[in-house]
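Chemist: Sending over work13.txt (compact mmCIF, C-alpha atoms).
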# COMPACT_ATOMS: atom_id res chain seq x y z
CA MET A 1 38.98 -0.38 -100.35
CA PRO A 2 39.99 2.18 -97.72
CA VAL A 3 41.33 5.56 -98.79
CA ILE A 4 44.47 6.51 -96.88
CA LEU A 5 45.43 10.18 -96.63
CA PRO A 6 48.72 11.13 -94.96
CA LEU A 7 49.06 14.49 -93.22
CA THR A 8 52.09 16.37 -91.94
CA ASP A 9 52.33 19.08 -89.26
CA LEU A 10 49.46 21.56 -89.35
CA ASN A 11 50.24 25.14 -88.43
CA THR A 12 48.28 28.23 -89.35
CA ASN A 13 49.87 28.74 -92.75
CA PRO A 14 48.96 28.30 -96.43
CA GLY A 15 50.54 24.84 -96.72
CA SER A 16 48.47 23.50 -93.86
CA PHE A 17 45.23 24.82 -95.29
CA ASP A 18 46.14 23.15 -98.58
CA GLN A 19 46.57 19.89 -96.68
CA ILE A 20 43.16 20.23 -95.05
CA SER A 21 41.58 21.10 -98.40
CA SER A 22 43.31 18.12 -100.02
CA ILE A 23 41.38 15.78 -97.72
CA TYR A 24 38.19 17.29 -99.09
CA HIS A 25 39.25 17.19 -102.72
CA GLN A 26 40.45 13.61 -102.56
CA CYS A 27 37.19 12.47 -100.98
CA LYS A 28 34.46 14.74 -102.30
CA ASN A 29 33.46 12.23 -104.97
CA VAL A 30 34.00 9.17 -102.79
CA PHE A 31 30.94 7.42 -101.39
CA ASP A 32 30.42 4.66 -98.79
CA GLU A 33 34.11 4.26 -98.05
CA GLN A 34 36.40 3.88 -95.08
CA ILE A 35 38.70 6.90 -95.12
CA GLU A 36 41.80 6.88 -93.01
CA VAL A 37 43.65 10.11 -92.26
CA ASP A 38 47.14 9.00 -91.31
CA LEU A 39 48.70 11.23 -88.64
CA GLY A 40 51.85 9.09 -88.38
CA THR A 41 54.24 11.89 -89.30
CA VAL A 42 52.35 14.68 -87.54
CA ARG A 43 54.16 16.12 -84.54
CA TRP A 44 52.03 19.23 -84.08
CA ILE A 45 48.57 20.51 -84.95
CA ASP A 46 47.42 24.04 -84.11
CA ALA A 47 44.37 23.07 -82.09
CA HIS A 48 42.07 25.73 -83.51
CA LEU A 49 42.52 24.21 -86.99
CA SER A 50 40.17 21.48 -85.78
CA ALA A 51 37.33 23.80 -86.81
CA ALA A 52 38.49 23.72 -90.44
CA ILE A 53 39.23 19.98 -90.30
CA MET A 54 35.80 19.21 -88.86
CA CYS A 55 34.11 21.27 -91.57
CA VAL A 56 35.83 19.10 -94.20
CA VAL A 57 35.09 15.89 -92.28
CA THR A 58 31.40 16.81 -92.07
CA LYS A 59 31.22 17.36 -95.83
CA ILE A 60 32.87 14.02 -96.53
CA GLN A 61 30.61 12.23 -94.06
CA LYS A 62 27.62 13.43 -96.04
CA ASN A 63 28.66 10.88 -98.70
CA ARG A 64 28.18 8.16 -96.06
CA ASN A 65 31.94 7.79 -95.66
CA VAL A 66 33.46 6.79 -92.34
CA ILE A 67 36.55 8.76 -91.38
CA THR A 68 39.14 7.69 -88.86
CA PHE A 69 42.35 9.38 -87.76
CA THR A 70 45.13 6.84 -87.26
CA ASN A 71 48.71 6.53 -86.00
CA SER A 72 48.65 9.78 -84.04
CA SER A 73 51.47 10.38 -81.60
CA PRO A 74 50.48 10.58 -77.92
CA ARG A 75 51.02 14.34 -77.97
CA VAL A 76 48.83 14.98 -81.03
CA ALA A 77 46.20 12.55 -79.77
CA ASP A 78 46.10 14.42 -76.47
CA ILE A 79 45.58 17.78 -78.23
CA LEU A 80 42.80 16.42 -80.40
CA ARG A 81 41.08 14.53 -77.61
CA ARG A 82 40.98 17.50 -75.31
CA ASN A 83 39.71 19.85 -77.97
CA GLY A 84 37.06 17.42 -79.11
CA LEU A 85 38.11 16.59 -82.69
CA PHE A 86 38.59 13.02 -81.55
CA GLN A 87 35.38 11.77 -80.05
CA SER A 88 36.29 11.17 -76.49
CA ASN A 89 35.08 11.59 -72.97
CA LEU A 90 38.35 13.43 -72.38
CA ARG A 91 37.00 16.47 -74.25
CA SER A 92 38.00 19.33 -72.01
CA GLU A 93 35.58 21.80 -70.54
CA THR A 94 38.35 23.14 -68.35
CA GLY A 95 41.90 24.38 -68.76
CA THR A 96 43.10 26.24 -71.82
CA VAL A 97 40.88 24.65 -74.44
CA ILE A 98 37.79 26.13 -76.05
CA PRO A 99 36.49 22.82 -77.36
CA LEU A 100 35.46 22.28 -80.96
CA THR A 101 31.73 22.97 -81.07
CA TRP A 102 29.32 23.54 -83.91
CA PHE A 103 26.28 25.68 -84.26
CA GLY A 104 23.47 26.22 -86.72
CA ALA A 105 23.33 29.59 -88.43
CA ASP A 106 20.38 30.51 -86.19
CA GLN A 107 22.20 29.66 -82.96
CA GLY A 108 23.98 32.97 -82.50
CA ILE A 109 22.89 33.30 -78.89
CA ASP A 110 24.05 29.78 -77.99
CA TYR A 111 27.38 30.54 -79.63
CA SER A 112 27.68 33.84 -77.81
CA ASN A 113 26.99 32.16 -74.46
CA PHE A 114 29.47 29.39 -75.31
CA ILE A 115 32.23 31.94 -75.89
CA ARG A 116 31.42 33.81 -72.71
CA ARG A 117 31.27 30.62 -70.62
CA HIS A 118 34.72 29.47 -71.74
CA LEU A 119 36.46 32.83 -71.61
CA ASN A 120 34.98 33.54 -68.19
CA ARG A 121 36.34 30.35 -66.67
CA MET A 122 39.85 30.79 -68.06
CA LYS A 123 42.49 32.58 -66.06
CA PHE A 124 43.99 35.46 -68.01
CA PRO A 125 46.24 37.13 -65.44
CA LYS A 126 46.68 40.36 -67.41
CA MET A 127 43.47 40.59 -69.39
CA THR A 128 41.60 43.84 -68.84
CA GLU A 129 37.80 43.92 -68.81
CA SER A 130 37.83 46.22 -71.80
CA LEU A 131 39.93 43.75 -73.79
CA ARG A 132 37.58 40.95 -72.79
CA GLY A 133 34.66 42.99 -74.12
CA LYS A 134 36.44 43.57 -77.42
CA ILE A 135 37.15 39.85 -77.82
CA TYR A 136 33.49 39.03 -77.19
CA GLU A 137 32.39 41.63 -79.69
CA GLY A 138 34.86 40.49 -82.36
CA LEU A 139 33.95 36.83 -82.02
CA ASP A 140 30.23 37.60 -82.10
CA GLU A 141 30.69 39.66 -85.24
CA VAL A 142 32.56 36.83 -87.00
CA PHE A 143 29.85 34.33 -86.18
CA MET A 144 27.06 36.60 -87.39
CA ASN A 145 29.03 37.27 -90.54
CA ALA A 146 29.26 33.53 -91.25
CA SER A 147 25.63 33.06 -90.32
CA ILE A 148 24.38 35.74 -92.72
CA HIS A 149 26.75 35.36 -95.66
CA SER A 150 27.97 31.76 -95.90
CA ASN A 151 24.79 30.36 -97.40
CA SER A 152 25.87 27.03 -95.98
CA SER A 153 24.03 23.82 -95.35
CA THR A 154 26.67 22.72 -92.87
CA SER A 155 27.17 24.04 -89.37
CA ILE A 156 29.49 26.79 -88.24
CA PHE A 157 32.46 25.30 -86.38
CA ALA A 158 34.27 27.08 -83.56
CA CYS A 159 37.41 26.12 -81.68
CA GLY A 160 40.05 27.92 -79.64
CA GLN A 161 43.19 27.51 -77.59
CA PHE A 162 44.78 29.73 -74.98
CA PHE A 163 48.59 29.70 -74.67
CA PRO A 164 49.35 31.08 -71.19
CA LYS A 165 53.11 31.06 -71.78
CA TYR A 166 52.77 33.29 -74.85
CA GLU A 167 49.81 35.28 -73.43
CA ARG A 168 47.87 34.57 -76.59
CA ILE A 169 44.52 33.08 -77.47
CA ASP A 170 43.82 31.64 -80.92
CA PHE A 171 40.29 31.26 -82.13
CA SER A 172 38.92 29.90 -85.37
CA ILE A 173 35.44 29.97 -86.87
CA THR A 174 34.75 27.96 -90.01
CA ASP A 175 31.76 27.70 -92.26
CA GLY A 176 31.33 25.31 -95.17
CA GLY A 177 29.62 27.88 -97.36
CA ILE A 178 30.08 29.50 -100.73
CA GLY A 179 33.05 31.62 -99.67
CA ILE A 180 33.36 35.38 -99.89
CA SER A 181 33.90 35.22 -103.66
CA GLY A 182 30.74 33.11 -103.97
CA ALA A 183 28.74 35.64 -101.96
CA PHE A 184 30.14 38.44 -104.14
CA LYS A 185 29.11 36.63 -107.30
CA GLN A 186 25.63 36.03 -105.94
CA THR A 187 25.26 39.73 -105.18
CA PHE A 188 26.94 41.37 -108.14
CA SER A 189 26.61 38.62 -110.81
CA ARG A 190 30.28 38.90 -111.56
CA ASP A 191 33.29 36.64 -110.98
CA ILE A 192 36.01 37.73 -108.63
CA SER A 193 39.12 35.91 -107.41
CA ALA A 194 39.02 34.61 -103.85
CA LEU A 195 41.87 36.93 -102.86
CA ASP A 196 40.24 40.02 -104.32
CA ALA A 197 37.00 39.04 -102.62
CA ILE A 198 38.69 38.83 -99.19
CA GLU A 199 40.33 42.22 -99.68
CA TRP A 200 37.04 43.65 -100.82
CA ALA A 201 35.24 42.31 -97.74
CA MET A 202 37.90 43.81 -95.49
CA THR A 203 37.29 47.30 -96.84
CA ASP A 204 35.04 49.67 -94.93
CA GLY A 205 31.40 49.57 -95.92
CA ASN A 206 31.64 46.72 -98.43
CA THR A 207 29.01 44.06 -98.03
CA THR A 208 27.32 41.37 -100.06
CA ARG A 209 24.17 42.06 -98.14
CA VAL A 210 21.31 43.16 -100.37
CA GLY A 211 17.80 44.39 -99.82
CA ASP A 212 16.43 46.26 -96.86
CA ILE A 213 19.11 45.58 -94.28
CA PRO A 214 22.50 47.24 -94.58
CA GLY A 215 25.71 45.53 -93.50
CA GLY A 216 29.44 45.57 -94.02
CA LEU A 217 30.78 46.45 -90.59
CA GLY A 218 31.55 43.23 -88.72
CA LEU A 219 34.89 42.20 -90.24
CA LYS A 220 36.07 45.80 -90.19
CA ILE A 221 35.40 46.11 -86.47
CA LEU A 222 37.37 42.94 -85.88
CA ARG A 223 40.23 44.08 -88.13
CA ARG A 224 40.51 47.40 -86.29
CA PHE A 225 40.58 45.61 -82.94
CA ILE A 226 43.24 43.11 -84.01
CA ARG A 227 45.42 45.93 -85.35
CA LEU A 228 45.22 47.81 -82.05
CA ASN A 229 45.82 44.60 -80.13
CA SER A 230 48.92 43.76 -82.20
CA GLY A 231 47.34 40.39 -82.84
CA ARG A 232 47.03 38.44 -86.04
CA PHE A 233 44.05 38.08 -88.33
CA ILE A 234 43.86 35.27 -90.88
CA VAL A 235 41.12 34.68 -93.42
CA VAL A 236 41.00 31.67 -95.71
CA SER A 237 38.17 31.62 -98.19
CA ARG A 238 38.15 29.23 -101.13
CA ASP A 239 41.69 29.46 -102.58
CA GLY A 240 42.55 32.80 -101.00
CA TYR A 241 44.75 33.18 -97.91
CA TRP A 242 44.91 36.65 -96.35
CA THR A 243 46.64 37.58 -93.14
CA GLU A 244 47.40 40.80 -91.30
CA GLN A 245 49.78 41.37 -88.43
CA ASN A 246 51.15 44.66 -87.12
CA GLY A 247 49.32 46.51 -89.87
CA ILE A 248 50.97 44.52 -92.66
CA ALA A 249 48.62 42.51 -94.83
CA GLU A 250 49.85 39.56 -96.88
CA LYS A 251 47.99 37.46 -99.34
CA ARG A 252 48.75 34.11 -100.87
CA GLN A 253 47.08 32.08 -103.52
CA LEU A 254 46.38 28.60 -102.21
CA SER A 255 46.91 25.56 -104.41
CA LEU A 256 43.54 24.11 -103.46
CA ASP A 257 40.09 25.48 -102.87
CA PHE A 258 38.96 25.30 -99.24
CA PRO A 259 35.24 24.45 -99.23
CA GLY A 260 34.16 27.48 -97.23
CA THR A 261 35.66 30.24 -95.12
CA VAL A 262 37.90 30.11 -92.06
CA VAL A 263 38.36 33.21 -89.93
CA THR A 264 41.11 32.95 -87.33
CA ILE A 265 42.26 35.52 -84.82
CA GLU A 266 45.24 35.47 -82.51
CA VAL A 267 44.72 37.89 -79.64
CA ASN A 268 47.39 39.24 -77.33
CA THR A 269 45.75 38.63 -73.94
CA ALA A 270 48.19 40.84 -72.05
CA ASP A 271 47.28 43.91 -74.09
CA PRO A 272 46.99 46.73 -71.53
CA LYS A 273 45.15 49.19 -73.79
CA SER A 274 41.93 50.61 -72.51
CA TYR A 275 39.54 50.21 -75.38
CA ASP A 276 36.88 52.09 -73.41
CA LEU A 277 38.67 55.40 -73.83
CA VAL A 278 37.20 56.00 -77.25
CA PRO A 279 34.95 59.05 -76.78
CA ALA A 280 31.24 58.33 -76.99
CA PRO A 281 29.29 60.14 -79.69
CA ASN A 282 26.83 62.79 -78.62
CA PRO A 283 23.53 60.99 -77.82
CA GLN A 284 21.65 63.96 -79.32
CA ASP A 285 23.41 63.54 -82.63
CA LEU A 286 23.04 59.86 -83.47
CA TRP A 287 20.27 59.92 -86.04
CA MET B 1 -3.95 58.61 -81.96
CA ALA B 2 -2.02 61.15 -79.88
CA MET B 3 1.72 61.25 -80.29
CA ALA B 4 3.59 59.83 -77.30
CA ASP B 5 7.17 59.23 -76.30
CA VAL B 6 7.77 55.49 -76.28
CA VAL B 7 10.70 53.56 -74.81
CA ILE B 8 11.79 50.43 -76.67
CA SER B 9 14.08 48.23 -74.63
CA PHE B 10 16.37 45.90 -76.53
CA SER B 11 16.86 43.51 -73.64
CA LYS B 12 13.13 43.29 -72.90
CA ILE B 13 12.37 42.31 -76.48
CA THR B 14 15.23 39.84 -76.84
CA GLY B 15 14.69 38.42 -73.34
CA SER B 16 18.36 38.84 -72.43
CA GLY B 17 21.27 41.21 -72.69
CA VAL B 18 22.68 39.19 -75.58
CA CYS B 19 21.62 41.21 -78.61
CA VAL B 20 23.61 39.55 -81.35
CA THR B 21 21.39 37.96 -83.96
CA SER B 22 19.81 39.50 -87.00
CA GLN B 23 16.56 37.71 -86.13
CA ASP B 24 16.36 39.40 -82.72
CA GLY B 25 17.14 42.69 -84.41
CA GLN B 26 14.17 42.07 -86.67
CA ARG B 27 11.91 41.67 -83.62
CA VAL B 28 13.09 45.02 -82.31
CA TYR B 29 12.56 46.58 -85.71
CA ALA B 30 8.95 45.36 -85.85
CA GLN B 31 8.15 47.27 -82.64
CA LEU B 32 10.15 50.29 -83.67
CA TYR B 33 8.43 50.45 -87.03
CA GLU B 34 5.02 50.18 -85.43
CA ALA B 35 5.78 53.00 -83.00
CA LEU B 36 7.13 55.32 -85.68
CA ALA B 37 4.39 54.50 -88.16
CA GLY B 38 1.93 55.28 -85.35
CA GLY B 39 3.36 58.78 -85.16
CA HIS B 40 5.19 58.33 -81.85
CA ARG B 41 8.64 59.44 -80.82
CA VAL B 42 10.95 56.66 -79.66
CA SER B 43 13.82 56.35 -77.27
CA LEU B 44 15.86 53.14 -77.38
CA SER B 45 16.88 51.66 -74.04
CA PHE B 46 20.17 49.80 -73.82
CA SER B 47 19.53 48.75 -70.24
CA GLY B 48 21.09 45.35 -69.55
CA VAL B 49 22.64 44.97 -73.00
CA THR B 50 25.94 43.16 -72.45
CA ARG B 51 26.61 41.90 -75.98
CA MET B 52 25.66 43.51 -79.23
CA THR B 53 26.63 43.09 -82.87
CA THR B 54 26.29 45.32 -85.88
CA ALA B 55 24.23 42.53 -87.48
CA PHE B 56 21.67 42.99 -84.69
CA LEU B 57 21.72 46.78 -85.00
CA ASN B 58 21.53 46.72 -88.79
CA SER B 59 18.30 44.75 -88.51
CA ALA B 60 16.95 46.59 -85.49
CA VAL B 61 17.54 50.17 -86.62
CA GLY B 62 19.63 50.29 -89.81
CA GLN B 63 16.72 49.37 -92.01
CA LEU B 64 14.71 52.33 -90.71
CA TYR B 65 16.56 54.45 -93.23
CA GLY B 66 15.08 52.38 -96.03
CA GLU B 67 11.55 53.07 -94.77
CA PHE B 68 11.55 56.63 -93.44
CA PRO B 69 13.28 59.80 -94.66
CA ALA B 70 16.39 60.63 -92.65
CA ASP B 71 15.01 63.97 -91.43
CA GLU B 72 11.86 62.24 -90.22
CA ILE B 73 13.97 59.72 -88.28
CA ARG B 74 15.99 62.55 -86.78
CA LYS B 75 12.80 64.21 -85.55
CA ARG B 76 11.25 61.08 -84.08
CA MET B 77 14.18 59.18 -82.61
CA LEU B 78 15.13 60.57 -79.23
CA ALA B 79 18.41 60.21 -77.40
CA PRO B 80 18.91 56.61 -76.20
CA ILE B 81 18.65 55.88 -72.50
CA ASP B 82 20.75 53.65 -70.19
CA ALA B 83 23.45 53.58 -72.88
CA GLU B 84 27.14 53.03 -72.32
CA PRO B 85 29.67 54.73 -74.59
CA TRP B 86 30.26 51.57 -76.64
CA HIS B 87 26.51 51.19 -77.28
CA LEU B 88 26.36 54.75 -78.62
CA SER B 89 29.47 54.28 -80.69
CA ARG B 90 28.08 51.19 -82.42
CA LEU B 91 24.66 52.78 -82.93
CA LYS B 92 26.24 55.82 -84.57
CA MET B 93 28.39 53.59 -86.80
CA VAL B 94 25.37 51.58 -87.96
CA ASN B 95 23.24 54.70 -88.54
CA ASP B 96 25.93 56.41 -90.59
CA ARG B 97 26.42 53.29 -92.66
CA ALA B 98 22.66 52.87 -93.19
CA LYS B 99 22.27 56.48 -94.32
CA GLN B 100 25.06 55.97 -96.83
CA TYR B 101 23.63 52.63 -97.97
CA PHE B 102 20.10 53.87 -98.53
CA SER B 103 20.98 57.31 -99.88
CA ASN B 104 21.45 55.76 -103.29
CA LYS B 105 21.68 52.02 -103.00
CA GLU B 106 22.36 51.15 -106.63
CA ALA B 107 25.01 53.80 -107.14
CA TYR B 108 26.59 52.86 -103.85
CA ASN B 109 26.88 49.21 -104.84
CA ARG B 110 28.36 50.21 -108.19
CA ILE B 111 31.00 52.35 -106.51
CA LEU B 112 31.88 49.52 -104.13
CA GLU B 113 32.25 47.15 -107.03
CA LEU B 114 34.58 49.53 -108.85
CA GLY B 115 36.77 49.64 -105.74
CA ILE B 116 37.90 46.06 -106.26
CA GLY B 117 41.62 45.71 -106.68
CA SER B 118 42.24 49.44 -106.26
CA GLY B 119 44.20 48.75 -103.09
CA LYS B 120 42.03 51.08 -101.06
CA ASP B 121 42.03 50.40 -97.38
CA GLU B 122 40.45 51.68 -94.22
CA HIS B 123 42.22 54.45 -92.37
CA HIS B 124 42.10 55.24 -88.71
Take the structure in the file and write it out as structure tokens.
Modeler:
Amino acid sequence: MPVILPLTDLNTNPGSFDQISSIYHQCKNVFDEQIEVDLGTVRWIDAHLSAAIMCVVTKIQKNRNVITFTNSSPRVADILRRNGLFQSNLRSETGTVIPLTWFGADQGIDYSNFIRRHLNRMKFPKMTESLRGKIYEGLDEVFMNASIHSNSSTSIFACGQFFPKYERIDFSITDGGIGISGAFKQTFSRDISALDAIEWAMTDGNTTRVGDIPGGLGLKILRRFIRLNSGRFIVVSRDGYWTEQNGIAEKRQLSLDFPGTVVTIEVNTADPKSYDLVPAPNPQDLW
Amino acid sequence: MAMADVVISFSKITGSGVCVTSQDGQRVYAQLYEALAGGHRVSLSFSGVTRMTTAFLNSAVGQLYGEFPADEIRKRMLAPIDAEPWHLSRLKMVNDRAKQYFSNKEAYNRILELGIGSGKDEHH
């Protein structure tokens, strides 16, 4: 008997992540079923959320379930076709879409080239070269973070959308791993709430990396950049939702556990700051 | 073996200017370790490096501080060549972090753990 799951509008907020997680929780113990996600009342989906949705879909498909999205309005269907969540030959390699794509943890270079290829072809009338460099760096750091820490058997999902009218690009990277709190527990053998774990990971120098290779810088570099850019930084990991905009961090407890970690950034593409003006350290005094 | 000054080029080892993965950093580290263990002095070349992450640098150079004393590294590692300001800035950040991490790893981890929930934040 088919399982029918209704969704409502999906924006980048706690309620929407709970909706995405609810698909997972309602289906995680379902096997060999037809699962229908009913989009009949959905008028809008933030396109980059496709990365989180696809992560959940992939987990459910592992139980040999078949998932279909039904009753979508023409507008929603168009968004999801162009960004690749709906399998379609209309998946866009042009325009304002960075299509939903997934990578293995060892495919950092492919991912890096994918980002560069899409951002290079897009027309950002006011984007400075230094801002472009910072975006590349931030997105590379997020991927490597997921690759090293997620401990995931699923892929890392990436998806983005440029909004020319608002001079903003949204980008989301999702892994289906153990979450930041899971990585903390693995390292320190101690439980921590998902929210505390996110805050901990956002603090300078903190890392769940152990052994011979230090870590703990990637998310902090990204956070610093997003603050300077007046953008928005959102992290969902398990049942923790953390966001920062204009230097103000907010955290919310989610009702449901997301099966992994979603890092989303919204970047102001018209930011005129010259990020290159930071003075270089003395090359004689690096070691 | 006589001591020599050796140049290790990131982009030559990785085969491109995209120096982002921990695995590629490990390949750099293998050559760097061999040169230092052989008694040589080393200069890192950033020629052609267009993308670089701290994950790459942590593997490539950060772990040096777990193998060699900091004053030995200071003596043997020369100023980088063909480096842009952002390369130097990231290298310095990773080195400082590695020194802190390896100075007393267990105590450092304990301190980090105690910081949970204290509301501490980074300052710029």
Chemist: If we count only C-alpha atoms, which residues of chain A reach to within 9 Å of chain B? Please list them as a PyMOL selection string.
Modeler: chain A and resi 106-109+112-113+133+136-138+140-141+144-145+148+188+192+196-197+199-200+202-207+212-218+220+224+276+278-287
Chemist: Give me the residues near Ser22 (chain A) as a PyMOL selection string, where near means some atom within 9 Å (using only C-alpha atoms) and where sequence neighbours in that chain fewer than 4 positions away do not count.
Modeler: chain A and resi 5+17-18+26-27+256-258
Chemist: With only C-alpha atoms as the atoms that count, which of A:Leu39, A:Ile169, A:Ile156, A:Val142 lies nearest to Ile98 (chain A)?
Modeler: A:Ile169
Chemist: Go ahead and compute the interatomic distance for CA of Asp82 (chain B) and CA of Met127 (chain A), in Å to one decimal.
Modeler: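 That distance, rounded to one decimal, is 26.2 Å.
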Chemist: Provide the CA of Ile45 (chain A) to CA of Gln161 (chain A) distance in Å, to one decimal place.
Modeler: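 Straight-line distance from CA of Ile45 (chain A) to CA of Gln161 (chain A) works out to 11.5 Å.
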Chemist: Could you tell me how far CA of Phe86 (chain A) lies from CA of Ala51 (chain A), in Å and to one decimal?
Modeler: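 For CA of Phe86 (chain A) relative to CA of Ala51 (chain A), the distance reads 12.1 Å.
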Chemist: Can you pull out every residue within 6 Å of region 6-10 of chain A, counting all atoms listed in the file, but drop anything in the same chain fewer than 5 positions away, and send it as a compact mmCIF listing (two decimals) with C-alpha atoms, keeping the file's coordinate frame?
Modeler:
# COMPACT_ATOMS: atom_id res chain seq x y z
CA SER A 16 48.47 23.50 -93.86
CA VAL A 37 43.65 10.11 -92.26
CA ASP A 38 47.14 9.00 -91.31
CA LEU A 39 48.70 11.23 -88.64
CA THR A 41 54.24 11.89 -89.30
CA VAL A 42 52.35 14.68 -87.54
CA ARG A 43 54.16 16.12 -84.54
CA TRP A 44 52.03 19.23 -84.08
CA ILE A 45 48.57 20.51 -84.95
Chemist: For each of B:Pro69, B:Ile13, B:Ser103, B:Asp5, take the minimum atom-to-atom distance to Ala35 (chain B), counting all atoms listed in the file, then give the residue where this is smallest.
Modeler: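 Closest residue, counting all atoms listed in the file: B:Asp5.
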